[in-house]
Amino acid sequence: MCVLQMTQDICMIQEKITTPVGNKSEKLKRSVIDQKQVKELSITINVQRNVTLSAFLSRNHRIVFNIPKIGINITLPRNVMIMFKECIISCDKHQIFIIEGATIGSLPANKLQLERKGFETLVMPTNKAWKIEFDKIHAVFPYNYNFAECVQEVINTLKWIKLVHKVKKKPFTIDSPLPADLFINVKELLLQLSDDPFEVQLSDNYSLLADEQTETEKRLSALERKIEELRKSLGLLPANKVQELYDNLKEKSSVIYTHRHQQLYNNGPPRTKLFSWKMVNLEIVALADKSLHGKENVINHMREIDISSRYPSDGMDFITLWCRMINCSLEEWTIHLRDFPQAMLDVKDLHIWGRLIGAEQHAHPRAIRTCRIEVGDPWGDMIVERNMPPLKFYYDFESDVKQWTMCTGACWEQTLAQYNLAMTLINHPSKDPSPNLPFWDKIRLLLHGRLTMAMDKMCWMYHASLNPYNKTEMMDWQWTNLILDWTTAKFMFNGDLDIYARTASKYDDCNLLHLPKLRFCIKLEWLCEGDANNHHRVMPCASDKVPYKEDYDSYKDFRSQNMNMSMSFETKSSEANPNNVPYCVFYASTLRWLDKIKMCMTHVSRPTRRGSFFDKPRLPKLQLSRHFRNVNLSVNFHQFHAQYWMSFAKEHGVEMHRGELTFKSGHNLTLVKIEDGLIHRPQANWSIKNINLNLKGAKMWLCCKNETTGMEEKSYFLSVKHVQYDRDDNLMVESAEPQQQSDDREDVEKAFLHRVYIEDLKASWTTTNRNTVFSLFEGYNKAQALKRNLSSGALKGYKVDSQTQATPKSRSRSVSMSNPNSTAATPSPMSRMQSGHTQNLLKRLIQEMDSKSMAFTEEPTGSHEEQLHGVAACQTKDVIHNNLLVELKNSQVMLQGAQTKGYVIVCAAEAKVMSCIHKPVWQNRQLKSKTTWVSSVDCMQYFATVDNTDNVMWLEKELLDVDDKTDCNLDVLDGAVAEMAGSGHSVGGVVTARIPTPTPINIGRQVGFM
């Protein structure tokens, strides 16, 4: 108190001395300065001793500044320079901050003139400036230390000082003193959270145990080899001697493990890092200007940036309000968790610039909380008031990034939970008694504006393993030449996307998906009780001023109940490189690898340090994946190529080239409570609302490898002109009453849940295609059988006798000379399962997969299905659900044999297949489900080649699509006379290829069903 009073008195005396007496003296002083140059006065202060400054905040909190050496250089009237090599800031006897190589001083007015020219909206060419430089700033927070309470005490003390000395806030107008520009340079910035020592020891012990297990197996293998050598040279060995060798090895391994455990931390201290944030060569330039100064100007910039939020018509008052132009760059930015090899975030060469506004709203009376300050005797304690509304940021940033890599996965969820618990001790949570906001609502509340980033390369990697030390099994989403635009509830990505499968096998770097010139858009709609963007009306409440105690929520109108999301993928052709089209490549093992990704994504995380034992309530944690209500997906590719191979050898596969691909779908998520007497999370049920798929100009080839040449060969299999699939769950009728048969056939067809329309289908079935299809089908069935046999369900039919004693195989050839009453140690049931009958059974199943043939049947594996016969049993008046409708127009199928040349074409102008679900039937004292399939074919015809040729001539549309079915038996049909010879449309008519070919192709009509 005395030091503060003395400092204030000195400032008052200096102000009175430097204040001019009148206008005449001021003019005289200026004239003297203009006529005569004033010499600069330089004052240098060097302190070679240790300087310690302590601040006792309360009985439990204390801050100590320790500076070994400090130098101060003051050059009047303007230049000030403060330098010190090291500064240690301790909070409650914990060294938190370590600062090295600090330089704080003023800069010439024109030093930052070049930076100001980079922003055209600034009106002032120069401004006073300060520079702050540090060689190193390290902030290390010890485990379980409540740093937030210490910070709160510091803020309370500053509030109390202003209250005692009656420091009042001055109006923030355009005439207020303009703050100086800031130039901040930090060569190395490190923020680190310490881990639980118990968790560290557990991890080290587990790592040591795993390594010792490996070394023990090596020693055991070496001993077995030595025993085999002795048997070959000396013959049979006594069993007790062999047993003694194994016992000595076991004892020696225990001694080695104990010694290694004792020497575990001799080479260095144990790991303490839980979370680390490191920046290298960080440089920040903050520029102030008259156009950014004053409440009116700042609010105008705020409303221009945050256009989606409605500004209150009656205005707002602010405790904190400022606006700066920011120019920031850094060379490297990394975030690590514990000692995991993969970085959580790795950024190279980041440069960001734009406007930044900080605003803290003036609190309502209910949003002002009181804090007690321990001043000490003889003054006693005092009360200060604190503002509860948070500090919000408004920004309009643009950024250039050379490389941005981030990684996440289910294997890190436990560590992230530990990080969240540690952050509650560093960043004090809100004192509002309302339930905590989830992180997505906190972002909506605190961050507003626009961020545009241009990245040369951005990688998002997802762990395909539950091992946190995994660095090989990952899914890599890699963007190149990416433009990212983030605005309110909208994300826009423009660039080239490649998805790779990172595995420790020969399938490594498999390019699963390639999408060039992709425009990926995510739109979010937050479902709230009030306006989702009106964050200005959110006002917290102090715990002692809550109007009602039960279920009070200050964020009730702003808190999101659910979220609707729309995602769209769109690609466009490139004029520079038209062959660069979207494509995907899959292998059979890749699909199994994607099952691992699905397993990791659906992994349920367990509570970490929650419950009564840790004095922390087990509050349900909201997950963003369970916060959706409606999700809409839209895909529009101008072209798309796909390949599927059974193995890396590429012996059998499928290749598909598609034209324009359009896909739209709508999904809905509902959470259903489970009522079985136990505590469960609500079950997430995803349902499909609608699906629409349009595919144009698709062609499919079957690929196989030539056994002679080893080259890849492609065989034409299928092509369609247009395929359309529609699904609408709103048309699904689930009523107890059956539908009445409608006379209007079009209305009936529109009521189907699944509708498929195929136009101009052309399929080829040859011996080559048959062999390839059967090989693909057989490979799929074998993979499914092997997967089923090797699953945990295969072990349910076997019981392992827990009393069976296992005999070491390495001692089976020894002569037993030990005590016959002695018994060997009984191994655990798990070890017997791994080395007994079950393991042999699994090995046999694997070996027999290639040697023994397998029989497949199309009969259902369940109960026998009885077919209903008769008109009465197959009536159509009891339909309760129209399930599937497939329509084919102008379809052709070419059949070619292996013994003779030539082929047969089966075609139809129209074909329909309908499937309906009927009311269940009671038959033979059983209630059986009833499903009907109805098919119809119009203008079905058979054509066969006249000459022995393998050249395929597909039929023209005029020969398939007959408009007037009553004239189908006429000899002459308009528009098809030139292509017909012989007897016209009757059986035996000959069709000749319209396009001239070296060898004429003639096919004749064999059968026609009109």
# chains A, B, ... in the order shown; residues from 1 in each chain; ligands from 1
>>> residues_around(residues="segment 454-464 of chain A", least_positions_apart="4", cutoff="7 Å", atoms="only C-alpha atoms", output="PyMOL selection string")
chain A and resi 399-409+473-484+596-597+600
>>> select_by_dssp(residues="segment 318-523 of chain A", states="helix (DSSP H, G or I)", output="mmCIF file with C-alpha atoms, in the first residue's frame")
data_model
loop_
_atom_site.group_PDB
_atom_site.id
_atom_site.type_symbol
_atom_site.label_atom_id
_atom_site.label_comp_id
_atom_site.auth_asym_id
_atom_site.auth_seq_id
_atom_site.Cartn_x
_atom_site.Cartn_y
_atom_site.Cartn_z
ATOM 1 C CA PRO A 365 -27.131 -6.138 -12.227
ATOM 2 C CA ARG A 366 -27.778 -9.874 -11.983
ATOM 3 C CA ALA A 367 -24.550 -10.611 -13.919
ATOM 4 C CA ALA A 410 -10.602 -42.722 -30.583
ATOM 5 C CA CYS A 411 -7.295 -43.892 -29.068
ATOM 6 C CA TRP A 412 -6.645 -40.354 -27.775
ATOM 7 C CA GLU A 413 -10.017 -39.755 -26.134
ATOM 8 C CA GLN A 414 -8.817 -40.734 -22.660
ATOM 9 C CA THR A 415 -5.841 -38.393 -22.933
ATOM 10 C CA LEU A 416 -8.060 -35.568 -24.168
ATOM 11 C CA ALA A 417 -10.330 -36.176 -21.201
ATOM 12 C CA GLN A 418 -7.312 -35.756 -18.909
ATOM 13 C CA TYR A 419 -6.457 -32.549 -20.775
ATOM 14 C CA ASN A 420 -9.977 -31.166 -20.277
ATOM 15 C CA LEU A 421 -9.750 -31.877 -16.545
ATOM 16 C CA ALA A 422 -6.388 -30.100 -16.367
ATOM 17 C CA MET A 423 -7.711 -27.070 -18.256
ATOM 18 C CA PHE A 439 -17.757 -26.618 -26.946
ATOM 19 C CA TRP A 440 -19.767 -25.961 -30.131
ATOM 20 C CA ASP A 441 -22.052 -23.522 -28.276
ATOM 21 C CA LYS A 442 -19.027 -21.841 -26.674
ATOM 22 C CA ILE A 443 -17.567 -21.253 -30.140
ATOM 23 C CA ARG A 444 -20.886 -19.780 -31.292
ATOM 24 C CA LEU A 445 -20.881 -17.476 -28.253
ATOM 25 C CA LEU A 446 -17.279 -16.265 -28.269
#
>>> closest_residue(among="A:Ser329, A:Gln263, A:Ser647, A:Thr258", to="Val285 of chain A", atoms="only C-alpha atoms")
A:Ser329
>>> residues_around(residues="segment 90-107 of chain A", least_positions_apart="2", cutoff="7 Å", atoms="only C-alpha atoms", output="VMD selection string")
chain A and resid 61 to 65 79 to 88 109 111 129 to 141
>>> write_last_selection(atoms="N, CA and C atoms", output="PDB file, in the first residue's frame")
ATOM      1  N   HIS A  61      -2.272 -17.567  -1.636  1.00  0.00           N
ATOM      2  CA  HIS A  61      -1.744 -17.309  -2.964  1.00  0.00           C
ATOM      3  C   HIS A  61      -0.714 -16.186  -2.903  1.00  0.00           C
ATOM      4  N   ARG A  62       0.360 -16.431  -3.664  1.00  0.00           N
ATOM      5  CA  ARG A  62       1.481 -15.485  -3.690  1.00  0.00           C
ATOM      6  C   ARG A  62       2.179 -15.601  -5.025  1.00  0.00           C
ATOM      7  N   ILE A  63       2.565 -14.475  -5.591  1.00  0.00           N
ATOM      8  CA  ILE A  63       3.283 -14.431  -6.862  1.00  0.00           C
ATOM      9  C   ILE A  63       4.639 -13.780  -6.619  1.00  0.00           C
ATOM     10  N   VAL A  64       5.699 -14.411  -7.154  1.00  0.00           N
ATOM     11  CA  VAL A  64       7.071 -13.935  -6.969  1.00  0.00           C
ATOM     12  C   VAL A  64       7.707 -13.777  -8.345  1.00  0.00           C
ATOM     13  N   PHE A  65       8.257 -12.588  -8.614  1.00  0.00           N
ATOM     14  CA  PHE A  65       9.028 -12.304  -9.818  1.00  0.00           C
ATOM     15  C   PHE A  65      10.500 -12.284  -9.444  1.00  0.00           C
ATOM     16  N   ASN A  79      12.857   7.591 -26.068  1.00  0.00           N
ATOM     17  CA  ASN A  79      13.288   6.200 -26.124  1.00  0.00           C
ATOM     18  C   ASN A  79      13.433   5.610 -24.730  1.00  0.00           C
ATOM     19  N   VAL A  80      12.870   4.385 -24.584  1.00  0.00           N
ATOM     20  CA  VAL A  80      12.983   3.616 -23.345  1.00  0.00           C
ATOM     21  C   VAL A  80      13.292   2.174 -23.733  1.00  0.00           C
ATOM     22  N   MET A  81      14.241   1.559 -23.044  1.00  0.00           N
ATOM     23  CA  MET A  81      14.629   0.190 -23.334  1.00  0.00           C
ATOM     24  C   MET A  81      14.881  -0.546 -22.024  1.00  0.00           C
ATOM     25  N   ILE A  82      14.200  -1.689 -21.857  1.00  0.00           N
ATOM     26  CA  ILE A  82      14.368  -2.531 -20.675  1.00  0.00           C
ATOM     27  C   ILE A  82      14.795  -3.909 -21.153  1.00  0.00           C
ATOM     28  N   MET A  83      15.851  -4.443 -20.578  1.00  0.00           N
ATOM     29  CA  MET A  83      16.393  -5.733 -20.992  1.00  0.00           C
ATOM     30  C   MET A  83      16.730  -6.568 -19.766  1.00  0.00           C
ATOM     31  N   PHE A  84      16.437  -7.833 -19.843  1.00  0.00           N
ATOM     32  CA  PHE A  84      16.868  -8.784 -18.810  1.00  0.00           C
ATOM     33  C   PHE A  84      17.018 -10.145 -19.473  1.00  0.00           C
ATOM     34  N   LYS A  85      17.971 -10.914 -18.966  1.00  0.00           N
ATOM     35  CA  LYS A  85      18.280 -12.220 -19.558  1.00  0.00           C
ATOM     36  C   LYS A  85      17.308 -13.307 -19.117  1.00  0.00           C
ATOM     37  N   GLU A  86      16.816 -13.199 -17.907  1.00  0.00           N
ATOM     38  CA  GLU A  86      15.953 -14.267 -17.413  1.00  0.00           C
ATOM     39  C   GLU A  86      14.992 -13.706 -16.382  1.00  0.00           C
ATOM     40  N   CYS A  87      13.775 -14.223 -16.395  1.00  0.00           N
ATOM     41  CA  CYS A  87      12.762 -13.850 -15.409  1.00  0.00           C
ATOM     42  C   CYS A  87      11.953 -15.105 -15.084  1.00  0.00           C
ATOM     43  N   ILE A  88      11.859 -15.401 -13.815  1.00  0.00           N
ATOM     44  CA  ILE A  88      11.113 -16.568 -13.350  1.00  0.00           C
ATOM     45  C   ILE A  88       9.928 -16.065 -12.539  1.00  0.00           C
ATOM     46  N   ALA A 109       8.696   6.141 -34.914  1.00  0.00           N
ATOM     47  CA  ALA A 109       7.331   6.188 -35.448  1.00  0.00           C
ATOM     48  C   ALA A 109       7.234   5.577 -36.835  1.00  0.00           C
ATOM     49  N   LYS A 111       8.988   3.049 -37.964  1.00  0.00           N
ATOM     50  CA  LYS A 111       9.525   1.693 -38.009  1.00  0.00           C
ATOM     51  C   LYS A 111       8.508   0.707 -38.585  1.00  0.00           C
ATOM     52  N   ALA A 129       5.127   3.390 -31.436  1.00  0.00           N
ATOM     53  CA  ALA A 129       5.164   1.933 -31.398  1.00  0.00           C
ATOM     54  C   ALA A 129       6.083   1.463 -30.290  1.00  0.00           C
ATOM     55  N   TRP A 130       5.788   0.253 -29.805  1.00  0.00           N
ATOM     56  CA  TRP A 130       6.611  -0.439 -28.816  1.00  0.00           C
ATOM     57  C   TRP A 130       6.936  -1.823 -29.340  1.00  0.00           C
ATOM     58  N   LYS A 131       8.105  -2.290 -28.978  1.00  0.00           N
ATOM     59  CA  LYS A 131       8.505  -3.646 -29.343  1.00  0.00           C
ATOM     60  C   LYS A 131       8.727  -4.470 -28.087  1.00  0.00           C
ATOM     61  N   ILE A 132       8.326  -5.734 -28.177  1.00  0.00           N
ATOM     62  CA  ILE A 132       8.490  -6.691 -27.082  1.00  0.00           C
ATOM     63  C   ILE A 132       9.074  -7.956 -27.702  1.00  0.00           C
ATOM     64  N   GLU A 133      10.286  -8.305 -27.305  1.00  0.00           N
ATOM     65  CA  GLU A 133      10.976  -9.459 -27.873  1.00  0.00           C
ATOM     66  C   GLU A 133      11.410 -10.398 -26.759  1.00  0.00           C
ATOM     67  N   PHE A 134      11.260 -11.690 -27.025  1.00  0.00           N
ATOM     68  CA  PHE A 134      11.665 -12.732 -26.082  1.00  0.00           C
ATOM     69  C   PHE A 134      12.371 -13.828 -26.868  1.00  0.00           C
ATOM     70  N   ASP A 135      13.449 -14.320 -26.286  1.00  0.00           N
ATOM     71  CA  ASP A 135      14.097 -15.488 -26.873  1.00  0.00           C
ATOM     72  C   ASP A 135      13.334 -16.774 -26.548  1.00  0.00           C
ATOM     73  N   LYS A 136      12.775 -16.824 -25.350  1.00  0.00           N
ATOM     74  CA  LYS A 136      12.069 -18.041 -24.946  1.00  0.00           C
ATOM     75  C   LYS A 136      11.057 -17.698 -23.868  1.00  0.00           C
ATOM     76  N   ILE A 137       9.872 -18.253 -24.021  1.00  0.00           N
ATOM     77  CA  ILE A 137       8.833 -18.172 -22.992  1.00  0.00           C
ATOM     78  C   ILE A 137       8.319 -19.585 -22.769  1.00  0.00           C
ATOM     79  N   HIS A 138       8.514 -20.090 -21.577  1.00  0.00           N
ATOM     80  CA  HIS A 138       8.043 -21.418 -21.210  1.00  0.00           C
ATOM     81  C   HIS A 138       7.045 -21.271 -20.066  1.00  0.00           C
ATOM     82  N   ALA A 139       5.877 -21.870 -20.257  1.00  0.00           N
ATOM     83  CA  ALA A 139       4.854 -21.901 -19.214  1.00  0.00           C
ATOM     84  C   ALA A 139       4.531 -23.352 -18.923  1.00  0.00           C
ATOM     85  N   VAL A 140       4.915 -23.834 -17.762  1.00  0.00           N
ATOM     86  CA  VAL A 140       4.728 -25.227 -17.360  1.00  0.00           C
ATOM     87  C   VAL A 140       3.832 -25.241 -16.127  1.00  0.00           C
ATOM     88  N   PHE A 141       2.683 -25.886 -16.240  1.00  0.00           N
ATOM     89  CA  PHE A 141       1.716 -25.921 -15.147  1.00  0.00           C
ATOM     90  C   PHE A 141       1.806 -27.278 -14.469  1.00  0.00           C
TER      91      PHE A 141
END
>>> select_by_dssp(residues="segment 625-744 of chain A", states="strand (DSSP E)", output="PyMOL selection string")
chain A and resi 628-637+640-645+652-658+661-672+683-705+712-728
>>> atom_distance(atom1="atom CA of Met894 of chain A", atom2="atom CA of Tyr583 of chain A")
28.3 Å
>>> residues_around(residues="Asp175 of chain A", least_positions_apart="6", cutoff="9 Å", atoms="only C-alpha atoms", output="ChimeraX atom specification")
/A:290,293-294
>>> residues_around(residues="Gln361 of chain A", least_positions_apart="5", cutoff="8 Å", atoms="only C-alpha atoms", output="list in words")
Met316, Asp317, Phe318, Ile319, Thr320, Pro389, Pro390 and Leu391 of chain A
>>> residues_around(residues="Leu518 of chain A", least_positions_apart="6", cutoff="6 Å", atoms="only C-alpha atoms", output="VMD selection string")
chain A and resid 494 to 496 570 to 571
>>> write_last_selection(atoms="N, CA, C and O atoms", output="short mmCIF file (atom, residue, chain, number, x, y, z; two decimals), in the first residue's frame")
data_model
loop_
_atom_site.label_atom_id
_atom_site.label_comp_id
_atom_site.auth_asym_id
_atom_site.auth_seq_id
_atom_site.Cartn_x
_atom_site.Cartn_y
_atom_site.Cartn_z
N ASN A 494 -12.44 -25.72 -51.07
CA ASN A 494 -12.22 -25.80 -52.50
C ASN A 494 -10.78 -26.26 -52.74
O ASN A 494 -9.84 -25.56 -52.34
N GLY A 495 -10.62 -27.41 -53.40
CA GLY A 495 -9.29 -27.92 -53.67
C GLY A 495 -9.35 -29.34 -54.18
O GLY A 495 -10.41 -29.85 -54.56
N ASP A 496 -8.19 -29.99 -54.20
CA ASP A 496 -8.08 -31.38 -54.63
C ASP A 496 -7.97 -32.26 -53.41
O ASP A 496 -7.09 -32.07 -52.55
N GLU A 570 -19.13 -31.44 -54.84
CA GLU A 570 -19.33 -31.11 -56.25
C GLU A 570 -17.97 -30.98 -56.93
O GLU A 570 -17.07 -30.32 -56.40
N THR A 571 -17.83 -31.61 -58.08
CA THR A 571 -16.61 -31.51 -58.87
C THR A 571 -16.94 -30.94 -60.25
O THR A 571 -18.05 -31.12 -60.76
#
>>> closest_residue(among="A:Ala504, A:Asp396, A:Arg386, A:Gln923", to="Trp160 of chain A", atoms="only C-alpha atoms")
A:Arg386
>>> residues_around(residues="Ile326 of chain A", least_positions_apart="6", cutoff="9 Å", atoms="only C-alpha atoms", output="list in words")
Ile284, Val285, Ala286, Leu287, Ile352, Trp353, Gly354, Arg355, Leu356 and Phe397 of chain A
>>> write_last_selection(atoms="N, CA and C atoms", output="compact mmCIF listing (two decimals), in the first residue's frame")
# COMPACT_ATOMS: atom_id res chain seq x y z
N ILE A 284 4.07 -10.94 -34.07
CA ILE A 284 2.75 -10.32 -34.08
C ILE A 284 2.92 -8.82 -34.18
N VAL A 285 2.21 -8.22 -35.11
CA VAL A 285 2.17 -6.77 -35.27
C VAL A 285 0.73 -6.33 -35.10
N ALA A 286 0.47 -5.50 -34.08
CA ALA A 286 -0.86 -4.97 -33.80
C ALA A 286 -0.84 -3.47 -34.05
N LEU A 287 -1.67 -3.01 -34.99
CA LEU A 287 -1.68 -1.61 -35.43
C LEU A 287 -2.96 -0.94 -35.00
N ILE A 352 -1.06 -14.83 -41.10
CA ILE A 352 -2.46 -14.44 -40.97
C ILE A 352 -2.54 -12.94 -40.73
N TRP A 353 -3.53 -12.30 -41.33
CA TRP A 353 -3.68 -10.86 -41.20
C TRP A 353 -5.17 -10.50 -41.30
N GLY A 354 -5.51 -9.33 -40.73
CA GLY A 354 -6.89 -8.86 -40.79
C GLY A 354 -7.27 -8.09 -39.54
N ARG A 355 -8.58 -7.82 -39.40
CA ARG A 355 -9.12 -7.06 -38.28
C ARG A 355 -9.45 -8.00 -37.12
N LEU A 356 -9.24 -7.49 -35.91
CA LEU A 356 -9.56 -8.23 -34.70
C LEU A 356 -10.16 -7.26 -33.70
N PHE A 397 -10.26 -12.40 -40.93
CA PHE A 397 -8.88 -12.81 -41.16
C PHE A 397 -8.73 -13.48 -42.52
